[in-house]
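Shown next: entry_36.cif, given as mmCIF, C-alpha atoms; chains and numbers go by the auth columns.
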```cif
data_structure
loop_
_atom_site.group_PDB
_atom_site.id
_atom_site.type_symbol
_atom_site.label_atom_id
_atom_site.label_comp_id
_atom_site.label_asym_id
_atom_site.label_seq_id
_atom_site.Cartn_x
_atom_site.Cartn_y
_atom_site.Cartn_z
_atom_site.B_iso_or_equiv
_atom_site.auth_seq_id
_atom_site.auth_asym_id
ATOM 1 C CA MET A 1 -9.331 -58.991 -33.414 0.00 1 I
ATOM 2 C CA SER A 2 -7.804 -60.791 -36.399 0.00 2 I
ATOM 3 C CA LYS A 3 -7.556 -64.552 -36.652 0.00 3 I
ATOM 4 C CA ILE A 4 -3.753 -64.356 -36.499 0.00 4 I
ATOM 5 C CA ALA A 5 -3.973 -62.321 -33.290 0.00 5 I
ATOM 6 C CA ASP A 6 -6.404 -64.872 -31.814 0.00 6 I
ATOM 7 C CA ILE A 7 -4.060 -67.751 -32.655 0.00 7 I
ATOM 8 C CA THR A 8 -1.088 -65.850 -31.238 0.00 8 I
ATOM 9 C CA TYR A 9 -3.007 -65.012 -28.068 0.00 9 I
ATOM 10 C CA GLN A 10 -3.924 -68.672 -27.546 0.00 10 I
ATOM 11 C CA ALA A 11 -0.360 -69.817 -28.192 0.00 11 I
ATOM 12 C CA ILE A 12 1.093 -67.416 -25.619 0.00 12 I
ATOM 13 C CA ARG A 13 -1.676 -68.165 -23.131 0.00 13 I
ATOM 14 C CA ASP A 14 -1.065 -71.919 -23.456 0.00 14 I
ATOM 15 C CA ARG A 15 2.641 -71.399 -22.759 0.00 15 I
ATOM 16 C CA ILE A 16 1.844 -69.394 -19.630 0.00 16 I
ATOM 17 C CA ILE A 17 -0.722 -71.894 -18.343 0.00 17 I
ATOM 18 C CA SER A 18 1.606 -74.844 -18.994 0.00 18 I
ATOM 19 C CA GLY A 19 4.514 -73.102 -17.280 0.00 19 I
ATOM 20 C CA ASP A 20 6.680 -72.893 -20.413 0.00 20 I
ATOM 21 C CA TYR A 21 6.665 -69.173 -19.688 0.00 21 I
ATOM 22 C CA SER A 22 7.162 -69.232 -15.924 0.00 22 I
ATOM 23 C CA PRO A 23 6.127 -66.425 -13.531 0.00 23 I
ATOM 24 C CA GLY A 24 8.403 -63.416 -13.904 0.00 24 I
ATOM 25 C CA THR A 25 9.511 -64.308 -17.446 0.00 25 I
ATOM 26 C CA HIS A 26 10.262 -61.245 -19.561 0.00 26 I
ATOM 27 C CA LEU A 27 8.094 -61.594 -22.660 0.00 27 I
ATOM 28 C CA LYS A 28 10.208 -59.750 -25.204 0.00 28 I
ATOM 29 C CA GLU A 29 8.121 -59.156 -28.300 0.00 29 I
ATOM 30 C CA GLU A 30 10.798 -60.337 -30.725 0.00 30 I
ATOM 31 C CA VAL A 31 11.396 -63.557 -28.759 0.00 31 I
ATOM 32 C CA VAL A 32 7.689 -64.336 -28.357 0.00 32 I
ATOM 33 C CA ALA A 33 7.162 -63.602 -32.046 0.00 33 I
ATOM 34 C CA GLN A 34 9.861 -66.131 -32.906 0.00 34 I
ATOM 35 C CA ASP A 35 8.387 -68.696 -30.463 0.00 35 I
ATOM 36 C CA THR A 36 4.882 -68.384 -31.907 0.00 36 I
ATOM 37 C CA GLY A 37 5.764 -67.807 -35.549 0.00 37 I
ATOM 38 C CA ALA A 38 3.869 -64.516 -35.573 0.00 38 I
ATOM 39 C CA SER A 39 4.868 -60.951 -36.289 0.00 39 I
ATOM 40 C CA ARG A 40 5.278 -58.446 -33.481 0.00 40 I
ATOM 41 C CA THR A 41 1.939 -56.696 -34.110 0.00 41 I
ATOM 42 C CA PRO A 42 -0.314 -59.664 -33.178 0.00 42 I
ATOM 43 C CA VAL A 43 2.067 -60.457 -30.309 0.00 43 I
ATOM 44 C CA ARG A 44 1.571 -56.944 -28.983 0.00 44 I
ATOM 45 C CA GLU A 45 -2.217 -57.294 -29.262 0.00 45 I
ATOM 46 C CA ALA A 46 -2.121 -60.681 -27.539 0.00 46 I
ATOM 47 C CA LEU A 47 -0.037 -59.349 -24.647 0.00 47 I
ATOM 48 C CA ARG A 48 -2.513 -56.539 -24.053 0.00 48 I
ATOM 49 C CA ARG A 49 -5.341 -59.068 -23.976 0.00 49 I
ATOM 50 C CA LEU A 50 -3.435 -61.272 -21.531 0.00 50 I
ATOM 51 C CA ASN A 51 -2.774 -58.227 -19.374 0.00 51 I
ATOM 52 C CA ALA A 52 -6.551 -57.721 -19.117 0.00 52 I
ATOM 53 C CA GLU A 53 -6.772 -61.319 -17.829 0.00 53 I
ATOM 54 C CA GLN A 54 -4.001 -60.591 -15.291 0.00 54 I
ATOM 55 C CA LEU A 55 -1.761 -63.277 -16.783 0.00 55 I
ATOM 56 C CA VAL A 56 0.693 -60.648 -18.036 0.00 56 I
ATOM 57 C CA GLU A 57 1.804 -57.406 -16.406 0.00 57 I
ATOM 58 C CA PHE A 58 3.567 -54.432 -17.951 0.00 58 I
ATOM 59 C CA ALA A 59 6.521 -52.705 -16.284 0.00 59 I
ATOM 60 C CA PRO A 60 7.149 -49.068 -17.306 0.00 60 I
ATOM 61 C CA ASN A 61 9.874 -48.844 -19.956 0.00 61 I
ATOM 62 C CA ARG A 62 10.643 -52.569 -19.606 0.00 62 I
ATOM 63 C CA GLY A 63 7.809 -54.353 -21.380 0.00 63 I
ATOM 64 C CA ALA A 64 5.669 -57.376 -20.528 0.00 64 I
ATOM 65 C CA TYR A 65 6.272 -60.035 -17.881 0.00 65 I
ATOM 66 C CA VAL A 66 4.383 -63.168 -16.880 0.00 66 I
ATOM 67 C CA THR A 67 2.506 -62.278 -13.719 0.00 67 I
ATOM 68 C CA SER A 68 4.095 -63.495 -10.493 0.00 68 I
ATOM 69 C CA TRP A 69 1.665 -64.546 -7.762 0.00 69 I
ATOM 70 C CA THR A 70 2.339 -63.778 -4.111 0.00 70 I
ATOM 71 C CA LEU A 71 0.960 -65.956 -1.309 0.00 71 I
ATOM 72 C CA GLU A 72 -1.598 -63.235 -0.608 0.00 72 I
ATOM 73 C CA ASP A 73 -2.660 -63.286 -4.275 0.00 73 I
ATOM 74 C CA VAL A 74 -3.116 -67.063 -4.181 0.00 74 I
ATOM 75 C CA GLU A 75 -5.110 -66.912 -0.951 0.00 75 I
ATOM 76 C CA GLU A 76 -7.431 -64.344 -2.515 0.00 76 I
ATOM 77 C CA ILE A 77 -7.820 -66.453 -5.658 0.00 77 I
ATOM 78 C CA TYR A 78 -8.768 -69.562 -3.680 0.00 78 I
ATOM 79 C CA THR A 79 -11.162 -67.560 -1.505 0.00 79 I
ATOM 80 C CA LEU A 80 -12.923 -66.256 -4.610 0.00 80 I
ATOM 81 C CA ARG A 81 -12.981 -69.725 -6.131 0.00 81 I
ATOM 82 C CA ALA A 82 -14.530 -71.177 -2.976 0.00 82 I
ATOM 83 C CA ILE A 83 -17.322 -68.593 -3.077 0.00 83 I
ATOM 84 C CA LEU A 84 -18.007 -68.794 -6.808 0.00 84 I
ATOM 85 C CA GLU A 85 -17.508 -72.540 -7.304 0.00 85 I
ATOM 86 C CA GLY A 86 -19.498 -73.172 -4.140 0.00 86 I
ATOM 87 C CA GLN A 87 -22.377 -71.318 -5.784 0.00 87 I
ATOM 88 C CA ALA A 88 -21.802 -73.253 -9.008 0.00 88 I
ATOM 89 C CA ALA A 89 -22.013 -76.543 -7.089 0.00 89 I
ATOM 90 C CA PHE A 90 -25.182 -75.334 -5.353 0.00 90 I
ATOM 91 C CA ARG A 91 -26.831 -74.597 -8.702 0.00 91 I
ATOM 92 C CA ALA A 92 -25.488 -77.724 -10.382 0.00 92 I
ATOM 93 C CA ALA A 93 -27.023 -80.008 -7.735 0.00 93 I
ATOM 94 C CA THR A 94 -30.528 -79.281 -9.024 0.00 94 I
ATOM 95 C CA ARG A 95 -29.637 -79.011 -12.726 0.00 95 I
ATOM 96 C CA ILE A 96 -27.018 -81.680 -13.423 0.00 96 I
ATOM 97 C CA VAL A 97 -28.000 -84.610 -15.656 0.00 97 I
ATOM 98 C CA GLU A 98 -26.820 -88.211 -15.548 0.00 98 I
ATOM 99 C CA ASP A 99 -24.421 -87.796 -18.481 0.00 99 I
ATOM 100 C CA GLU A 100 -22.682 -84.970 -16.630 0.00 100 I
ATOM 101 C CA ILE A 101 -22.447 -87.021 -13.448 0.00 101 I
ATOM 102 C CA ALA A 102 -20.870 -89.765 -15.568 0.00 102 I
ATOM 103 C CA VAL A 103 -18.181 -87.291 -16.660 0.00 103 I
ATOM 104 C CA LEU A 104 -17.435 -86.487 -13.005 0.00 104 I
ATOM 105 C CA VAL A 105 -17.138 -90.194 -12.191 0.00 105 I
ATOM 106 C CA GLU A 106 -14.845 -90.683 -15.190 0.00 106 I
ATOM 107 C CA CYS A 107 -12.552 -87.874 -13.995 0.00 107 I
ATOM 108 C CA ALA A 108 -12.409 -89.196 -10.423 0.00 108 I
ATOM 109 C CA ASP A 109 -11.726 -92.730 -11.691 0.00 109 I
ATOM 110 C CA LEU A 110 -8.934 -91.456 -13.936 0.00 110 I
ATOM 111 C CA ILE A 111 -7.260 -89.616 -11.065 0.00 111 I
ATOM 112 C CA ASP A 112 -7.360 -92.791 -8.963 0.00 112 I
ATOM 113 C CA ALA A 113 -5.935 -94.804 -11.854 0.00 113 I
ATOM 114 C CA LEU A 114 -3.119 -92.307 -12.416 0.00 114 I
ATOM 115 C CA LEU A 115 -2.250 -92.433 -8.725 0.00 115 I
ATOM 116 C CA ALA A 116 -2.242 -96.249 -8.773 0.00 116 I
ATOM 117 C CA TYR A 117 0.248 -96.352 -11.669 0.00 117 I
ATOM 118 C CA SER A 118 3.575 -97.697 -10.434 0.00 118 I
ATOM 119 C CA GLY A 119 5.717 -95.541 -12.724 0.00 119 I
ATOM 120 C CA GLU A 120 6.407 -91.806 -12.609 0.00 120 I
ATOM 121 C CA ARG A 121 3.332 -89.799 -11.663 0.00 121 I
ATOM 122 C CA ASP A 122 1.754 -87.885 -14.555 0.00 122 I
ATOM 123 C CA THR A 123 0.923 -84.676 -12.703 0.00 123 I
ATOM 124 C CA THR A 124 -0.212 -82.904 -15.874 0.00 124 I
ATOM 125 C CA ALA A 125 -2.776 -85.624 -16.615 0.00 125 I
ATOM 126 C CA ILE A 126 -4.062 -85.428 -13.032 0.00 126 I
ATOM 127 C CA PHE A 127 -4.306 -81.654 -13.341 0.00 127 I
ATOM 128 C CA GLU A 128 -6.244 -81.982 -16.608 0.00 128 I
ATOM 129 C CA ALA A 129 -8.668 -84.504 -15.081 0.00 129 I
ATOM 130 C CA ASN A 130 -9.192 -82.200 -12.107 0.00 130 I
ATOM 131 C CA HIS A 131 -9.699 -79.225 -14.426 0.00 131 I
ATOM 132 C CA ARG A 132 -12.266 -81.174 -16.433 0.00 132 I
ATOM 133 C CA PHE A 133 -14.067 -82.191 -13.226 0.00 133 I
ATOM 134 C CA HIS A 134 -14.450 -78.598 -12.065 0.00 134 I
ATOM 135 C CA GLY A 135 -15.374 -77.457 -15.571 0.00 135 I
ATOM 136 C CA ALA A 136 -18.148 -80.045 -15.781 0.00 136 I
ATOM 137 C CA ILE A 137 -19.670 -78.752 -12.541 0.00 137 I
ATOM 138 C CA LEU A 138 -19.497 -75.185 -13.820 0.00 138 I
ATOM 139 C CA ASP A 139 -21.212 -76.249 -17.053 0.00 139 I
ATOM 140 C CA ALA A 140 -23.904 -78.043 -15.037 0.00 140 I
ATOM 141 C CA SER A 141 -24.597 -74.860 -13.063 0.00 141 I
ATOM 142 C CA ARG A 142 -26.101 -73.392 -16.255 0.00 142 I
ATOM 143 C CA SER A 143 -24.780 -69.937 -15.361 0.00 143 I
ATOM 144 C CA GLU A 144 -23.029 -67.924 -18.034 0.00 144 I
ATOM 145 C CA ARG A 145 -22.259 -65.255 -15.445 0.00 145 I
ATOM 146 C CA LEU A 146 -20.424 -67.684 -13.154 0.00 146 I
ATOM 147 C CA SER A 147 -18.558 -69.138 -16.142 0.00 147 I
ATOM 148 C CA LYS A 148 -17.274 -65.703 -17.127 0.00 148 I
ATOM 149 C CA MET A 149 -16.304 -64.786 -13.580 0.00 149 I
ATOM 150 C CA LEU A 150 -14.400 -68.052 -13.077 0.00 150 I
ATOM 151 C CA SER A 151 -12.866 -68.339 -16.544 0.00 151 I
ATOM 152 C CA TRP A 152 -9.386 -67.129 -15.605 0.00 152 I
ATOM 153 C CA LEU A 153 -9.400 -68.030 -11.898 0.00 153 I
ATOM 154 C CA VAL A 154 -9.450 -71.777 -12.581 0.00 154 I
ATOM 155 C CA GLU A 155 -6.740 -71.666 -15.255 0.00 155 I
ATOM 156 C CA ILE A 156 -3.969 -69.611 -13.726 0.00 156 I
ATOM 157 C CA PRO A 157 -0.598 -71.380 -13.495 0.00 157 I
ATOM 158 C CA VAL A 158 -0.649 -71.580 -9.676 0.00 158 I
ATOM 159 C CA THR A 159 -3.298 -74.297 -9.965 0.00 159 I
ATOM 160 C CA LEU A 160 -0.877 -76.553 -11.823 0.00 160 I
ATOM 161 C CA GLN A 161 1.925 -75.518 -9.493 0.00 161 I
ATOM 162 C CA THR A 162 -0.240 -76.635 -6.564 0.00 162 I
ATOM 163 C CA PHE A 163 -0.653 -80.102 -8.049 0.00 163 I
ATOM 164 C CA GLU A 164 3.083 -80.389 -8.664 0.00 164 I
ATOM 165 C CA LYS A 165 3.652 -79.903 -4.920 0.00 165 I
ATOM 166 C CA TYR A 166 0.929 -82.349 -3.836 0.00 166 I
ATOM 167 C CA SER A 167 1.925 -85.724 -2.437 0.00 167 I
ATOM 168 C CA ASP A 168 -0.055 -88.776 -3.556 0.00 168 I
ATOM 169 C CA ARG A 169 -1.882 -88.637 -0.218 0.00 169 I
ATOM 170 C CA ASP A 170 -2.811 -84.983 -0.824 0.00 170 I
ATOM 171 C CA ILE A 171 -4.293 -85.873 -4.217 0.00 171 I
ATOM 172 C CA GLU A 172 -6.149 -88.860 -2.757 0.00 172 I
ATOM 173 C CA ARG A 173 -7.711 -86.550 -0.166 0.00 173 I
ATOM 174 C CA SER A 174 -8.667 -84.067 -2.880 0.00 174 I
ATOM 175 C CA ASN A 175 -10.244 -86.825 -4.958 0.00 175 I
ATOM 176 C CA HIS A 176 -12.198 -87.985 -1.916 0.00 176 I
ATOM 177 C CA HIS A 177 -13.849 -84.550 -1.982 0.00 177 I
ATOM 178 C CA HIS A 178 -14.651 -85.176 -5.644 0.00 178 I
ATOM 179 C CA ARG A 179 -16.356 -88.438 -4.729 0.00 179 I
ATOM 180 C CA GLU A 180 -18.391 -86.704 -2.027 0.00 180 I
ATOM 181 C CA LEU A 181 -19.426 -84.025 -4.507 0.00 181 I
ATOM 182 C CA ILE A 182 -20.653 -86.770 -6.837 0.00 182 I
ATOM 183 C CA ASP A 183 -22.700 -88.216 -3.960 0.00 183 I
ATOM 184 C CA ALA A 184 -24.186 -84.782 -3.255 0.00 184 I
ATOM 185 C CA PHE A 185 -25.146 -84.359 -6.915 0.00 185 I
ATOM 186 C CA ARG A 186 -26.722 -87.800 -7.035 0.00 186 I
ATOM 187 C CA SER A 187 -28.720 -86.830 -3.944 0.00 187 I
ATOM 188 C CA ARG A 188 -29.721 -83.516 -5.572 0.00 188 I
ATOM 189 C CA ASP A 189 -28.669 -81.755 -2.364 0.00 189 I
ATOM 190 C CA PRO A 190 -27.459 -78.207 -3.178 0.00 190 I
ATOM 191 C CA HIS A 191 -26.395 -77.316 0.381 0.00 191 I
ATOM 192 C CA TRP A 192 -24.290 -80.461 0.698 0.00 192 I
ATOM 193 C CA ALA A 193 -22.666 -79.832 -2.697 0.00 193 I
ATOM 194 C CA GLN A 194 -21.881 -76.215 -1.837 0.00 194 I
ATOM 195 C CA GLN A 195 -20.393 -77.125 1.535 0.00 195 I
ATOM 196 C CA VAL A 196 -18.144 -79.827 0.066 0.00 196 I
ATOM 197 C CA MET A 197 -16.913 -77.546 -2.731 0.00 197 I
ATOM 198 C CA GLU A 198 -16.095 -74.744 -0.302 0.00 198 I
ATOM 199 C CA THR A 199 -14.268 -77.195 1.977 0.00 199 I
ATOM 200 C CA HIS A 200 -12.431 -78.666 -1.020 0.00 200 I
ATOM 201 C CA LEU A 201 -11.055 -75.320 -2.162 0.00 201 I
ATOM 202 C CA SER A 202 -10.314 -74.086 1.355 0.00 202 I
ATOM 203 C CA ALA A 203 -8.245 -77.238 1.888 0.00 203 I
ATOM 204 C CA ALA A 204 -6.378 -76.551 -1.377 0.00 204 I
ATOM 205 C CA GLN A 205 -5.659 -73.000 -0.213 0.00 205 I
ATOM 206 C CA ARG A 206 -4.284 -74.157 3.134 0.00 206 I
ATOM 207 C CA LEU A 207 -2.187 -76.844 1.499 0.00 207 I
ATOM 208 C CA PHE A 208 -0.701 -74.398 -1.002 0.00 208 I
ATOM 209 C CA ALA A 209 0.252 -72.039 1.827 0.00 209 I
ATOM 210 C CA PHE A 210 1.830 -74.911 3.766 0.00 210 I
ATOM 211 C CA LYS A 211 3.801 -76.197 0.767 0.00 211 I
ATOM 212 C CA ARG A 212 4.952 -72.663 -0.053 0.00 212 I
ATOM 213 C CA THR A 213 6.610 -72.346 3.371 0.00 213 I
ATOM 214 C CA GLU A 214 8.324 -75.768 3.291 0.00 214 I
#
```

The structure given in the file should be rewritten as structure tokens.
Amino acid sequence: MSKIADITYQAIRDRIISGDYSPGTHLKEEVVAQDTGASRTPVREALRRLNAEQLVEFAPNRGAYVTSWTLEDVEEIYTLRAILEGQAAFRAATRIVEDEIAVLVECADLIDALLAYSGERDTTAIFEANHRFHGAILDASRSERLSKMLSWLVEIPVTLQTFEKYSDRDIERSNHHHRELIDAFRSRDPHWAQQVMETHLSAAQRLFAFKRTE
């Protein structure tokens, strides 16, 4: 794939992940080309690539749309994440190094600091710190296979949408799980780490379902 197509793909993907292109948005090639500053050919290539990642879906005779996620879809995604990230946490517990634990502490501290801020909550910054936390654990698992399997599951827009619906108390509870994961890694206890990660993501799944029905 050409460099222009790669840049175009990343630009469209970033807009989907950030929510600039919300679920159900019709991605007309001429409009997306104007948004990204690319011609329609690399846009077309990028949309096909995003379709393979299930971030874009094609409707017969109508073109490309940002994938819309049903509650059942989200439940399946969180179930898969719990299994795969639970395994990543299990592996990471016996492979993680002190510098990587320091990154986890930094992320948890940042989330607490963002919650303590008296002004408007920066949900995007909290999401990014959370994303970095989970990414650091995946890196520490030293498993290229797990990284590939989880690459799109942890970045889909519903993850950010979940954080936007969280109350401060919900995020505090989530970050408490982060702190317990750090304790499990410091103890080099793979079973503890796996159990906490699975509980963490199961709680996120239940909370998303609850918020969806409010």

The PyMOL selection byres ((chain I and resi 97-111) around 6) applied to the shown file, residues as a VMD selection string
chain I and resid 96 112 to 114 126 129 133

When the PyMOL selection byres ((chain I and resi 50-65) around 8) is applied to the structure above, which residues does it catch, written out as a PyMOL selection string? chain I and resi 9+13+16+23-28+46-49+66-67+152+156

- Task: Would you mind reading off the distance between atom CA of Trp69 of chain I and atom CA of Leu153 of chain I, one decimal, in Å?
- Result: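 Taking atom CA of Trp69 of chain I and atom CA of Leu153 of chain I, their separation equals 12.3 Å.
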
Using the file's own x, y and z axes, so that the box edges lie along x, y and z, what centre and edge lengths in Å (one decimal) does a box around every listed atom of segment 102-111 of chain I get when 5 Å is added on each side? Give it as JSON.
```
{"center_x": -14.1, "center_y": -89.6, "center_z": -13.5, "size_x": 23.6, "size_y": 16.2, "size_z": 16.2}
```

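Interatomic distance, atom CA of Ala136 of chain I to atom CA of Arg91 of chain I: 12.5 Å.
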
* Around the point (-15.0, -79.6, -0.2), in the coordinates given by the file, pick out the residues reaching within 12 Å, counting all atoms listed in the file, and return them as an NGL selection string. => :I and (81-83 or 85-86 or 89 or 134 or 173-182 or 184 or 191-205)

Practice prompt. Can you pull out every residue within 12 Å of Ser2 of chain I, counting only C-alpha atoms, but drop anything in the same chain fewer than 5 positions away, and send it as number ranges by chain?
Written response: I: 7-9, 41-43, 45-46

Keeping C-alpha atoms for every residue in the selection just given, could you write it to a file as an mmCIF file, in the frame of the given file?
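New file out-v2.cif:
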```
data_model
loop_
_atom_site.group_PDB
_atom_site.id
_atom_site.type_symbol
_atom_site.label_atom_id
_atom_site.label_comp_id
_atom_site.auth_asym_id
_atom_site.auth_seq_id
_atom_site.Cartn_x
_atom_site.Cartn_y
_atom_site.Cartn_z
ATOM 1 C CA ILE I 7 -4.060 -67.751 -32.655
ATOM 2 C CA THR I 8 -1.088 -65.850 -31.238
ATOM 3 C CA TYR I 9 -3.007 -65.012 -28.068
ATOM 4 C CA THR I 41 1.939 -56.696 -34.110
ATOM 5 C CA PRO I 42 -0.314 -59.664 -33.178
ATOM 6 C CA VAL I 43 2.067 -60.457 -30.309
ATOM 7 C CA GLU I 45 -2.217 -57.294 -29.262
ATOM 8 C CA ALA I 46 -2.121 -60.681 -27.539
#
```

Self-check item: Shell of 9 Å around Arg44 of chain I, all atoms listed in the file, local chain residues under 5 positions omitted, as a PyMOL selection string
Solution: chain I and resi 5+29+39+49

For the file shown, report as JSON, numbers by chain the outcome of the PyMOL selection byres ((chain I and resi 146) around 12) at residue level. {"I": [80, 81, 83, 84, 85, 86, 87, 88, 89, 90, 91, 92, 135, 137, 138, 139, 140, 141, 142, 143, 144, 145, 147, 148, 149, 150, 151, 152, 153, 154]}

Residues of the last selection are to be written out with C-alpha atoms, as an mmCIF file, in the coordinates of the input.
```cif
data_model
loop_
_atom_site.group_PDB
_atom_site.id
_atom_site.type_symbol
_atom_site.label_atom_id
_atom_site.label_comp_id
_atom_site.auth_asym_id
_atom_site.auth_seq_id
_atom_site.Cartn_x
_atom_site.Cartn_y
_atom_site.Cartn_z
ATOM 1 C CA LEU I 80 -12.923 -66.256 -4.610
ATOM 2 C CA ARG I 81 -12.981 -69.725 -6.131
ATOM 3 C CA ILE I 83 -17.322 -68.593 -3.077
ATOM 4 C CA LEU I 84 -18.007 -68.794 -6.808
ATOM 5 C CA GLU I 85 -17.508 -72.540 -7.304
ATOM 6 C CA GLY I 86 -19.498 -73.172 -4.140
ATOM 7 C CA GLN I 87 -22.377 -71.318 -5.784
ATOM 8 C CA ALA I 88 -21.802 -73.253 -9.008
ATOM 9 C CA ALA I 89 -22.013 -76.543 -7.089
ATOM 10 C CA PHE I 90 -25.182 -75.334 -5.353
ATOM 11 C CA ARG I 91 -26.831 -74.597 -8.702
ATOM 12 C CA ALA I 92 -25.488 -77.724 -10.382
ATOM 13 C CA GLY I 135 -15.374 -77.457 -15.571
ATOM 14 C CA ILE I 137 -19.670 -78.752 -12.541
ATOM 15 C CA LEU I 138 -19.497 -75.185 -13.820
ATOM 16 C CA ASP I 139 -21.212 -76.249 -17.053
ATOM 17 C CA ALA I 140 -23.904 -78.043 -15.037
ATOM 18 C CA SER I 141 -24.597 -74.860 -13.063
ATOM 19 C CA ARG I 142 -26.101 -73.392 -16.255
ATOM 20 C CA SER I 143 -24.780 -69.937 -15.361
ATOM 21 C CA GLU I 144 -23.029 -67.924 -18.034
ATOM 22 C CA ARG I 145 -22.259 -65.255 -15.445
ATOM 23 C CA SER I 147 -18.558 -69.138 -16.142
ATOM 24 C CA LYS I 148 -17.274 -65.703 -17.127
ATOM 25 C CA MET I 149 -16.304 -64.786 -13.580
ATOM 26 C CA LEU I 150 -14.400 -68.052 -13.077
ATOM 27 C CA SER I 151 -12.866 -68.339 -16.544
ATOM 28 C CA TRP I 152 -9.386 -67.129 -15.605
ATOM 29 C CA LEU I 153 -9.400 -68.030 -11.898
ATOM 30 C CA VAL I 154 -9.450 -71.777 -12.581
#
```

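Interatomic distance, atom CA of Arg169 of chain I to atom CA of Leu115 of chain I: 9.3 Å.
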
For Ile12 of chain I, which of I:Asp183, I:Asp35, I:Glu30, I:Asp73 is the closest residue, counting all atoms listed in the file?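 Going through I:Asp183, I:Asp35, I:Glu30, I:Asp73 one by one, the smallest distance to Ile12 of chain I is for I:Asp35.
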